[in-house]
Every structure is written in C-alpha cells, then in structure tokens.
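Novice: Just so it is clear, I am handing over my_file37.txt, which has compact mmCIF, C-alpha atoms.
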# COMPACT_ATOMS: atom_id res chain seq x y z
CA MET A 1 153.49 171.46 -150.27
CA ILE A 2 156.61 169.23 -150.07
CA ASP A 3 156.21 169.07 -146.29
CA ASP A 4 152.58 168.04 -146.69
CA ILE A 5 153.55 165.29 -149.15
CA ARG A 6 156.17 164.08 -146.66
CA THR A 7 153.53 164.10 -143.94
CA GLY A 8 151.24 162.04 -146.16
CA LEU A 9 154.06 159.57 -146.91
CA ARG A 10 154.96 159.27 -143.23
CA ARG A 11 151.39 158.88 -141.98
CA SER A 12 150.69 156.27 -144.65
CA ALA A 13 153.61 154.01 -143.76
CA GLY A 14 151.38 151.63 -141.79
CA LEU A 15 148.72 151.69 -144.48
CA ALA A 16 151.30 151.05 -147.20
CA GLY A 17 152.36 147.91 -145.32
CA SER A 18 148.81 146.61 -145.20
CA THR A 19 148.27 147.64 -148.83
CA PHE A 20 151.35 145.61 -149.78
CA VAL A 21 150.00 142.52 -148.02
CA LEU A 22 146.59 142.93 -149.62
CA GLY A 23 148.22 143.39 -153.03
CA LEU A 24 150.18 140.20 -152.46
CA THR A 25 146.92 138.40 -151.66
CA PHE A 26 145.25 139.80 -154.77
CA GLY A 27 148.18 138.77 -157.00
CA ALA A 28 148.27 135.27 -155.54
CA LEU A 29 144.51 134.72 -155.89
CA ALA A 30 144.36 136.18 -159.41
CA ARG A 31 147.20 133.88 -160.50
CA ALA A 32 145.40 130.92 -158.92
CA HIS A 33 142.25 131.81 -160.91
CA GLY A 34 144.02 131.84 -164.26
CA TRP A 35 144.61 135.57 -164.70
CA GLY A 36 148.21 134.91 -165.77
CA LEU A 37 151.11 137.21 -164.93
CA GLY A 38 150.21 140.44 -166.73
CA ALA A 39 146.51 141.07 -166.07
CA PRO A 40 146.72 141.26 -162.24
CA VAL A 41 149.65 143.70 -162.39
CA VAL A 42 147.98 145.90 -165.04
CA ALA A 43 144.78 145.82 -162.96
CA SER A 44 146.66 147.07 -159.89
CA LEU A 45 148.47 149.73 -161.91
CA ALA A 46 145.34 151.06 -163.63
CA ILE A 47 142.46 150.39 -161.21
CA PHE A 48 144.30 150.90 -157.86
CA SER A 49 141.34 149.76 -155.79
CA GLY A 50 141.57 146.62 -153.70
CA SER A 51 137.85 146.29 -153.09
CA ALA A 52 136.97 146.72 -156.79
CA GLN A 53 139.70 144.33 -157.95
CA PHE A 54 138.65 141.68 -155.43
CA ALA A 55 135.03 142.11 -156.58
CA LEU A 56 136.12 141.64 -160.20
CA LEU A 57 138.11 138.55 -159.28
CA THR A 58 135.35 137.06 -157.14
CA VAL A 59 132.60 137.49 -159.74
CA LEU A 60 134.70 136.13 -162.62
CA ALA A 61 135.97 133.22 -160.49
CA GLY A 62 132.36 132.40 -159.59
CA GLY A 63 131.44 132.12 -163.27
CA GLY A 64 129.70 135.51 -163.44
CA ALA A 65 129.33 137.40 -166.72
CA ALA A 66 131.87 140.07 -167.63
CA TRP A 67 129.31 142.89 -167.34
CA THR A 68 128.30 141.65 -163.85
CA ALA A 69 131.93 141.68 -162.76
CA VAL A 70 132.52 145.22 -164.09
CA ALA A 71 129.22 146.44 -162.59
CA SER A 72 130.11 144.99 -159.17
CA ALA A 73 133.51 146.69 -159.24
CA ALA A 74 131.89 149.97 -160.35
CA LEU A 75 129.29 149.79 -157.56
CA ILE A 76 132.04 149.29 -155.00
CA ASN A 77 134.00 152.21 -156.43
CA LEU A 78 130.95 154.50 -156.51
CA ARG A 79 131.88 155.62 -153.00
CA PHE A 80 134.82 157.44 -154.61
CA PHE A 81 132.39 159.83 -156.35
CA PRO A 82 131.36 161.79 -153.23
CA MET A 83 134.88 161.37 -151.81
CA ALA A 84 136.57 162.88 -154.90
CA LEU A 85 133.84 165.52 -155.15
CA SER A 86 134.54 166.63 -151.59
CA ALA A 87 138.30 166.76 -152.21
CA GLY A 88 137.70 168.70 -155.45
CA PRO A 89 138.17 172.23 -154.04
CA ALA A 90 141.64 171.23 -152.79
CA LEU A 91 142.77 170.14 -156.28
CA ARG A 92 144.29 172.53 -158.83
CA GLY A 93 144.55 173.27 -162.53
CA GLY A 94 142.24 172.80 -165.47
CA ARG A 95 139.81 169.96 -166.03
CA THR A 96 142.38 167.43 -167.24
CA ARG A 97 144.77 168.07 -164.37
CA ARG A 98 141.93 167.91 -161.83
CA ALA A 99 140.76 164.62 -163.33
CA VAL A 100 144.28 163.19 -162.96
CA GLU A 101 144.82 164.61 -159.45
CA ALA A 102 141.48 163.10 -158.38
CA GLN A 103 142.92 159.64 -159.02
CA THR A 104 144.91 160.00 -155.77
CA VAL A 105 141.62 159.66 -153.85
CA VAL A 106 141.50 156.22 -152.22
CA ASP A 107 140.05 155.28 -148.82
CA GLY A 108 143.23 155.78 -146.81
CA SER A 109 144.46 158.94 -148.56
CA TRP A 110 141.02 160.57 -148.34
CA VAL A 111 140.73 159.95 -144.59
CA LEU A 112 144.30 161.05 -143.85
CA ALA A 113 143.97 164.21 -145.98
CA HIS A 114 140.70 165.21 -144.30
CA GLN A 115 141.37 168.19 -142.05
CA GLY A 116 137.86 168.37 -140.63
CA GLU A 117 134.73 170.28 -141.68
CA GLY A 118 135.02 168.94 -145.24
CA ARG A 119 138.43 170.53 -145.98
CA PHE A 120 141.29 168.51 -147.47
CA ASN A 121 145.08 168.82 -147.59
CA ARG A 122 146.20 168.29 -151.20
CA GLY A 123 149.82 167.43 -150.28
CA VAL A 124 148.81 164.82 -147.71
CA LEU A 125 146.39 163.34 -150.27
CA PHE A 126 149.22 163.00 -152.83
CA GLY A 127 151.77 161.76 -150.28
CA SER A 128 149.43 159.09 -148.99
CA ALA A 129 148.61 157.88 -152.51
CA LEU A 130 152.33 157.97 -153.40
CA ALA A 131 153.00 155.62 -150.48
CA GLN A 132 150.14 153.24 -151.24
CA TRP A 133 150.22 152.89 -155.03
CA PRO A 134 153.76 151.42 -155.33
CA ALA A 135 153.05 149.18 -152.31
CA TRP A 136 149.87 147.91 -153.97
CA VAL A 137 151.57 147.25 -157.32
CA THR A 138 154.72 145.73 -155.79
CA GLY A 139 152.59 143.50 -153.55
CA THR A 140 150.62 142.33 -156.58
CA ILE A 141 153.80 141.54 -158.53
CA LEU A 142 155.21 139.53 -155.63
CA GLY A 143 151.89 137.75 -155.16
CA VAL A 144 151.75 136.81 -158.84
CA VAL A 145 155.36 135.60 -158.86
CA LEU A 146 155.45 133.80 -155.49
CA ALA A 147 151.77 132.77 -155.48
CA PRO A 148 151.54 131.96 -151.72
CA SER A 149 148.39 130.08 -150.76
CA SER A 150 145.51 131.98 -149.16
CA ARG A 151 145.67 129.38 -146.36
CA LEU A 152 149.21 130.55 -145.53
CA LEU A 153 148.12 134.22 -145.52
CA ASN A 154 145.22 133.37 -143.20
CA ALA A 155 147.36 131.25 -140.88
CA THR A 156 149.81 134.12 -140.37
CA GLY A 157 146.95 136.48 -139.51
CA LEU A 158 147.94 138.97 -142.21
CA ASP A 159 144.37 139.30 -143.46
CA VAL A 160 143.61 141.38 -140.34
CA VAL A 161 145.95 144.17 -141.42
CA PHE A 162 143.45 146.10 -143.52
CA PRO A 163 140.42 146.02 -141.17
CA ALA A 164 142.73 146.75 -138.21
CA PHE A 165 144.15 149.81 -139.93
CA PHE A 166 140.68 151.07 -140.86
CA ALA A 167 139.60 150.47 -137.24
CA LEU A 168 142.47 152.66 -136.02
CA LEU A 169 141.51 155.46 -138.42
CA LEU A 170 137.90 155.07 -137.27
CA PHE A 171 138.95 155.25 -133.62
CA ASP A 172 140.72 158.57 -134.28
CA GLU A 173 137.68 159.92 -136.16
CA VAL A 174 135.05 159.03 -133.52
CA ARG A 175 137.09 160.57 -130.72
CA ARG A 176 136.43 164.00 -132.24
CA ALA A 177 132.66 164.31 -131.89
CA ARG A 178 129.47 162.58 -130.80
CA SER A 179 128.01 163.08 -134.27
CA ALA A 180 130.91 161.02 -135.71
CA ARG A 181 130.18 158.21 -133.22
CA ILE A 182 126.51 158.20 -134.22
CA ALA A 183 127.36 158.16 -137.93
CA ALA A 184 129.84 155.30 -137.40
CA ALA A 185 127.43 153.24 -135.30
CA GLY A 186 124.62 153.76 -137.80
CA ALA A 187 126.88 152.81 -140.71
CA ALA A 188 128.10 149.67 -138.93
CA ILE A 189 124.55 148.47 -138.26
CA ILE A 190 123.22 149.28 -141.74
CA THR A 191 126.24 147.75 -143.51
CA ALA A 192 126.11 144.58 -141.39
CA ALA A 193 122.39 144.13 -142.07
CA LEU A 194 122.64 144.81 -145.81
CA LEU A 195 125.66 142.52 -146.25
CA LEU A 196 123.29 139.61 -145.64
CA ALA A 197 121.51 140.37 -148.91
CA LEU A 198 123.68 142.72 -150.99
CA PRO A 199 127.26 142.81 -152.33
CA ALA A 200 129.79 144.87 -150.39
CA GLY A 201 129.59 147.94 -152.69
CA PRO A 202 125.90 148.82 -152.30
CA ALA A 203 126.00 147.82 -148.61
CA LEU A 204 128.89 150.23 -148.01
CA LEU A 205 127.17 153.02 -149.93
CA ALA A 206 123.92 152.61 -148.01
CA GLY A 207 125.85 152.40 -144.75
CA ALA A 208 127.66 155.65 -145.58
CA ALA A 209 124.24 157.31 -145.74
CA ALA A 210 124.35 157.08 -141.93
CA ALA A 211 126.41 160.27 -142.17
CA LEU A 212 123.01 161.97 -142.45
CA LEU A 213 122.08 160.58 -139.00
CA GLY A 214 125.19 162.16 -137.54
CA LEU A 215 124.40 165.44 -139.29
CA ARG A 216 121.29 165.92 -137.11
CA HIS A 217 123.50 165.64 -134.04
CA THR A 218 126.06 168.03 -135.50
CA LYS A 219 123.37 170.71 -135.32
CA THR A 220 122.78 169.85 -131.65
CA GLU A 221 126.52 170.07 -130.93
CA HIS A 222 126.72 173.51 -132.54
CA SER A 223 123.54 174.87 -130.90
CA MET B 1 141.77 135.53 -171.09
CA THR B 2 140.27 138.17 -173.41
CA THR B 3 137.34 138.49 -170.99
CA ILE B 4 139.73 139.20 -168.09
CA TRP B 5 141.62 141.88 -170.04
CA THR B 6 138.32 143.47 -171.17
CA CYS B 7 137.03 143.54 -167.59
CA VAL B 8 140.29 145.05 -166.32
CA ALA B 9 140.20 147.78 -169.03
CA LEU B 10 136.52 148.62 -168.46
CA THR B 11 136.92 148.72 -164.67
CA ALA B 12 139.98 150.97 -164.98
CA LEU B 13 138.05 153.38 -167.23
CA THR B 14 134.99 153.34 -164.95
CA SER B 15 137.11 153.98 -161.85
CA PHE B 16 138.87 156.88 -163.55
CA ALA B 17 135.54 158.42 -164.56
CA ILE B 18 133.99 157.97 -161.09
CA LYS B 19 136.86 159.83 -159.42
CA ALA B 20 137.27 162.49 -162.14
CA THR B 21 133.65 163.55 -162.69
CA GLY B 22 133.06 165.43 -159.43
CA PRO B 23 136.24 167.57 -159.38
CA VAL B 24 135.91 168.32 -163.14
CA ILE B 25 132.31 169.54 -162.76
CA LEU B 26 132.84 171.40 -159.48
CA GLY B 27 136.12 173.09 -160.44
CA SER B 28 137.60 175.14 -157.60
CA ARG B 29 134.23 176.17 -156.18
CA PRO B 30 133.89 175.28 -152.49
CA LEU B 31 131.14 172.91 -151.43
CA PRO B 32 128.13 174.37 -149.61
CA SER B 33 128.49 174.22 -145.81
CA ARG B 34 125.71 171.63 -145.48
CA ALA B 35 127.47 169.36 -147.95
CA ARG B 36 130.74 169.84 -146.03
CA GLY B 37 128.94 168.74 -142.86
CA VAL B 38 127.76 165.53 -144.49
CA ILE B 39 131.18 164.82 -145.96
CA ALA B 40 132.88 165.35 -142.58
CA LEU B 41 130.72 162.50 -141.28
CA LEU B 42 131.24 160.33 -144.36
CA ALA B 43 134.73 159.41 -143.12
CA PRO B 44 133.65 157.70 -139.86
CA ALA B 45 130.58 156.18 -141.57
CA LEU B 46 132.64 154.77 -144.45
CA LEU B 47 135.39 153.50 -142.14
CA ALA B 48 132.86 151.73 -139.90
CA GLY B 49 131.30 150.14 -142.99
CA LEU B 50 134.69 149.02 -144.31
CA VAL B 51 135.66 147.44 -140.98
CA ILE B 52 132.34 145.58 -140.77
CA SER B 53 132.52 144.56 -144.44
CA ASP B 54 136.10 143.25 -144.04
CA ILE B 55 135.20 141.25 -140.93
CA LEU B 56 131.90 139.81 -142.12
CA GLY B 57 132.37 139.51 -145.88
CA PRO B 58 129.54 139.21 -148.43
CA HIS B 59 126.53 137.41 -146.94
CA TRP B 60 128.59 137.17 -143.74
CA SER B 61 130.53 134.41 -145.50
CA SER B 62 133.90 135.23 -143.97
CA ALA B 63 132.66 136.17 -140.48
CA ASN B 64 135.17 134.79 -138.00
CA ALA B 65 136.08 135.41 -134.40
CA PRO B 66 139.89 135.54 -134.83
CA LEU B 67 139.63 138.45 -137.29
CA ALA B 68 137.26 140.33 -134.97
CA LEU B 69 139.61 139.67 -132.05
CA GLY B 70 142.52 141.05 -134.06
CA VAL B 71 140.61 144.23 -134.91
CA LEU B 72 139.57 144.68 -131.26
CA THR B 73 143.21 144.22 -130.22
CA ALA B 74 144.28 147.02 -132.56
CA ALA B 75 141.57 149.31 -131.15
CA ALA B 76 142.55 148.39 -127.57
CA GLY B 77 146.17 149.17 -128.40
CA ARG B 78 145.14 152.63 -129.58
CA THR B 79 143.29 153.35 -126.32
CA THR B 80 146.53 152.68 -124.45
CA GLY B 81 148.39 155.08 -126.75
CA LEU B 82 150.33 152.54 -128.82
CA PRO B 83 151.55 153.78 -132.24
CA THR B 84 149.94 152.39 -135.40
CA PRO B 85 152.64 149.83 -136.34
CA ALA B 86 152.55 148.35 -132.82
CA CYS B 87 148.73 148.14 -132.89
CA ILE B 88 148.80 146.41 -136.29
CA THR B 89 151.54 143.98 -135.21
CA ALA B 90 149.56 143.08 -132.08
CA ALA B 91 146.44 142.54 -134.20
CA VAL B 92 148.31 140.19 -136.57
CA ILE B 93 149.76 138.16 -133.67
CA VAL B 94 146.40 137.86 -131.87
CA THR B 95 144.62 136.82 -135.08
CA ALA B 96 147.25 134.18 -135.90
CA VAL B 97 147.26 132.79 -132.34
CA ALA B 98 143.45 132.78 -132.16
CA ARG B 99 143.28 130.87 -135.45
CA ALA B 100 145.77 128.32 -134.16
CA VAL B 101 143.91 127.88 -130.87
CA LEU B 102 140.21 128.17 -131.81
Have the structure of the file written as structure tokens, please.
Specialist:
Amino acid sequence: MIDDIRTGLRRSAGLAGSTFVLGLTFGALARAHGWGLGAPVVASLAIFSGSAQFALLTVLAGGGAAWTAVASAALINLRFFPMALSAGPALRGGRTRRAVEAQTVVDGSWVLAHQGEGRFNRGVLFGSALAQWPAWVTGTILGVVLAPSSRLLNATGLDVVFPAFFALLLFDEVRRARSARIAAAGAAIITAALLLALPAGPALLAGAAAALLGLRHTKTEHS
Amino acid sequence: MTTIWTCVALTALTSFAIKATGPVILGSRPLPSRARGVIALLAPALLAGLVISDILGPHWSSANAPLALGVLTAAAGRTTGLPTPACITAAVIVTAVARAVL
C-alpha cells in the first residue's frame, strides 16, 4: 500500500506542478473579482475541483445568480459520479470511510489509478490526490497573496500546462486499444460541437458518452 | 460576500455528495463486466473532452492557436519518448513563443 501511494505521488509530480499553476490562477482571479483572501482558499480546501471552482467564479463574476453558479459547478462535477462509482470496489471500510476515501477521486488521480478493465489501485489514487491537493491549495494561497495578472500567466504560456498534461495522459490511454481511440475521437467531436451551445460541464458529460461508441469496438477486438 | 461564502459552502457539499454517493451505495461489490468496459473507455473519452474544453473554452471563447500548438508539442514530445516534465516544459515554451510571435 505504501509503495502504491509512493507510486501515485511520483507519477503525479508533473500534474501537481500544473495543479499548482492552475491554483495560482484561480487565487489571482478570485481575488481580482472581490472574493477576498479567505473564500478562495476555503474553496480550494473544501471543493478541490479546478473546473467547478472556475465555473463558480465565472458565473458569479458575470453577474449570475448564486443558484446558477452552484448548479454550473455541480454539473461540471457530475462527471465524478461515475468516476467515483467505478473506483468504489477499490475503496475500503464502512459507508463513512468510503465516502471520505471517495473524495480522492479527481481527474488526474482517477486516470493514474486506473489499471485497465475498470480496476483501480487504491494506493495510487490516494498518492495522486495527496500530491495534487496541497499543490492546489498552496497555489491558491500564493495566487491570492501575489495576485499576478492573468495577462502575465498567459504571456508565460503557463495556461497550457493543464491541457498539455491531459493530452499526455490521453496519448498513453489511446495507445492501448483501437476502442480507446474511437472513444476519444468521438468525445472530442461531441464536446467541441456542444461547447458552442452548452457550458463545459454538460458538454464534457455528453462527450464522455462516446465511451459507448468505443464499447462496440471493444467487442470486435475481443471476438 | 455572503453570496460567495454560501456558494462555496453549497458547492463543497454538492461535490462531496457527488463523489460519495456511488461508493456508499455500491459498497465493496464489483461492477458488472459491461459497466467495467464502459468505464475503461470513460478515461480516454473524458481526457479528450477535457483537452478540447481547455483549448476551446465555453462557446469557443478562448480558442487560440498558441495553446493548441503547445498541446501538440507535448504530444509530439511523447511520441519521441520524452518524459512528462520535458514534454510540459516544451509545451510552455512553444505556447509563450507562439503568443509573442503570432
């Protein structure tokens, strides 16, 4: 178990770096939009979801109602339902402990802990979350305190860190099987099309349904 | 400010519930094999969606060539066997240079 946690920590080093930068961006933007010093940090500590926190910030900054902001963040985070459900058999203990352990499911930890065929490594899941959570919170604190401009972050190219890291994880996934390539291509097309009309959360969820396209080809690969 | 704190608290509670519900209901029972098959393909599908979403933004509002170039650089680095930190560093440099030039 300790070795698995170490593996998760080691494999998440790159992701923790990008998480730190994104946290810094979130802290800086939240401060610029009048969130003060405490709310951004508490948000990063308790929510621990960049996409949901950015959705919350964007909707509130755009003058949206509180319920719209919370609903947008919830829609974006809905993808964690099937992800946590799938990691469920790897978790341990009673209901309360499982509920707490499930909080380690984030995009990066879920992908890194996936061992293939829907099985997950609990230690890698924890190790990856252990690397990312402090990076996310520390980045937010620095962002709130230093408040660098988003123009500076863009000029240094640091906004590419997150999509680049996801692209690398994707590259490793699609090398495994044709069905994965089909699912990824389908998701990319669906998400891109839906982003024209929908917020990121629903577009991502609908895009993830492309996994069903790949499933048909999984049968072909096995037959 | 009260609105912000309320939104943060509600989002934190919602996120906790979204992640906790599945494992609490399922317990230690394994998923059916068909469900495992779908979930195995959720990873590439979700990652592809996240990459596209990060590059394009809502309503394609943040679509920009330098970011796409940076992501392609990272992927190209992987095909040549570069480790993750090197791929990410190359992506950052290419994005910054492309922004300065384009």
Novice: Kindly provide the residues of chain B that approach chain A to within 6 Å, each paired with its closest atom pair and their distance in Å to one decimal, based on all atoms listed in the file, listed by chain and increasing number, as CSV.
Specialist:
residue,atom,partner,partner_atom,distance
B:Cys7,CA,A:Val70,CA,6.0
B:Val8,CA,A:Ala43,CA,5.7
B:Thr11,CA,A:Val70,CA,5.7
B:Ala12,CA,A:Ile47,CA,4.5
B:Ile18,CA,A:Phe81,CA,5.3
B:Lys19,CA,A:Phe81,CA,5.4
B:Ala20,CA,A:Ala99,CA,4.3
B:Gly22,CA,A:Leu85,CA,4.4
B:Pro23,CA,A:Gly88,CA,4.3
B:Val24,CA,A:Arg95,CA,5.1
B:Ser28,CA,A:Pro89,CA,4.6
B:Arg29,CA,A:Pro89,CA,6.0
B:Pro30,CA,A:Pro89,CA,5.5
B:Arg36,CA,A:Gly118,CA,4.4
B:Val38,CA,A:Ala211,CA,5.9
B:Ile39,CA,A:Gly118,CA,5.7
B:Ala40,CA,A:Gly118,CA,5.0
B:Leu41,CA,A:Ala211,CA,4.9
B:Leu42,CA,A:Ala211,CA,5.3
B:Pro44,CA,A:Ala184,CA,5.1
B:Ala45,CA,A:Ala184,CA,4.3
B:Leu46,CA,A:Ala208,CA,5.2
B:Leu47,CA,A:Leu170,CA,5.7
B:Ala48,CA,A:Ala188,CA,5.3
B:Gly49,CA,A:Ala188,CA,5.2
B:Val51,CA,A:Pro163,CA,5.0
B:Asp54,CA,A:Pro163,CA,5.9
B:Pro58,CA,A:Leu195,CA,5.5
B:His59,CA,A:Leu196,CA,4.1
B:Leu67,CA,A:Val160,CA,5.8
B:Val71,CA,A:Ala164,CA,4.7
B:Ala74,CA,A:Ala164,CA,5.9
B:Ala75,CA,A:Leu168,CA,6.0
B:Pro85,CA,A:Gly14,CA,5.9
B:Val92,CA,A:Gly157,CA,4.9
B:Thr95,CA,A:Gly157,CA,5.0
B:Ala96,CA,A:Gly157,CA,4.3
Novice: One decimal, Å: what's the distance from atom CA of Thr58 of chain A over to atom CA of Leu29 of chain A, could you say?
Specialist: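 According to the coordinates, atom CA of Thr58 of chain A and atom CA of Leu29 of chain A are separated by 9.5 Å.
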Novice: Write out as number ranges by chain each polymer residue whose atoms come within 9 Å of Leu130 of chain A, counting all atoms listed in the file; drop sequence neighbours fewer than 5 positions from it.
Specialist: A: 5, 8-9, 104, 125, 135
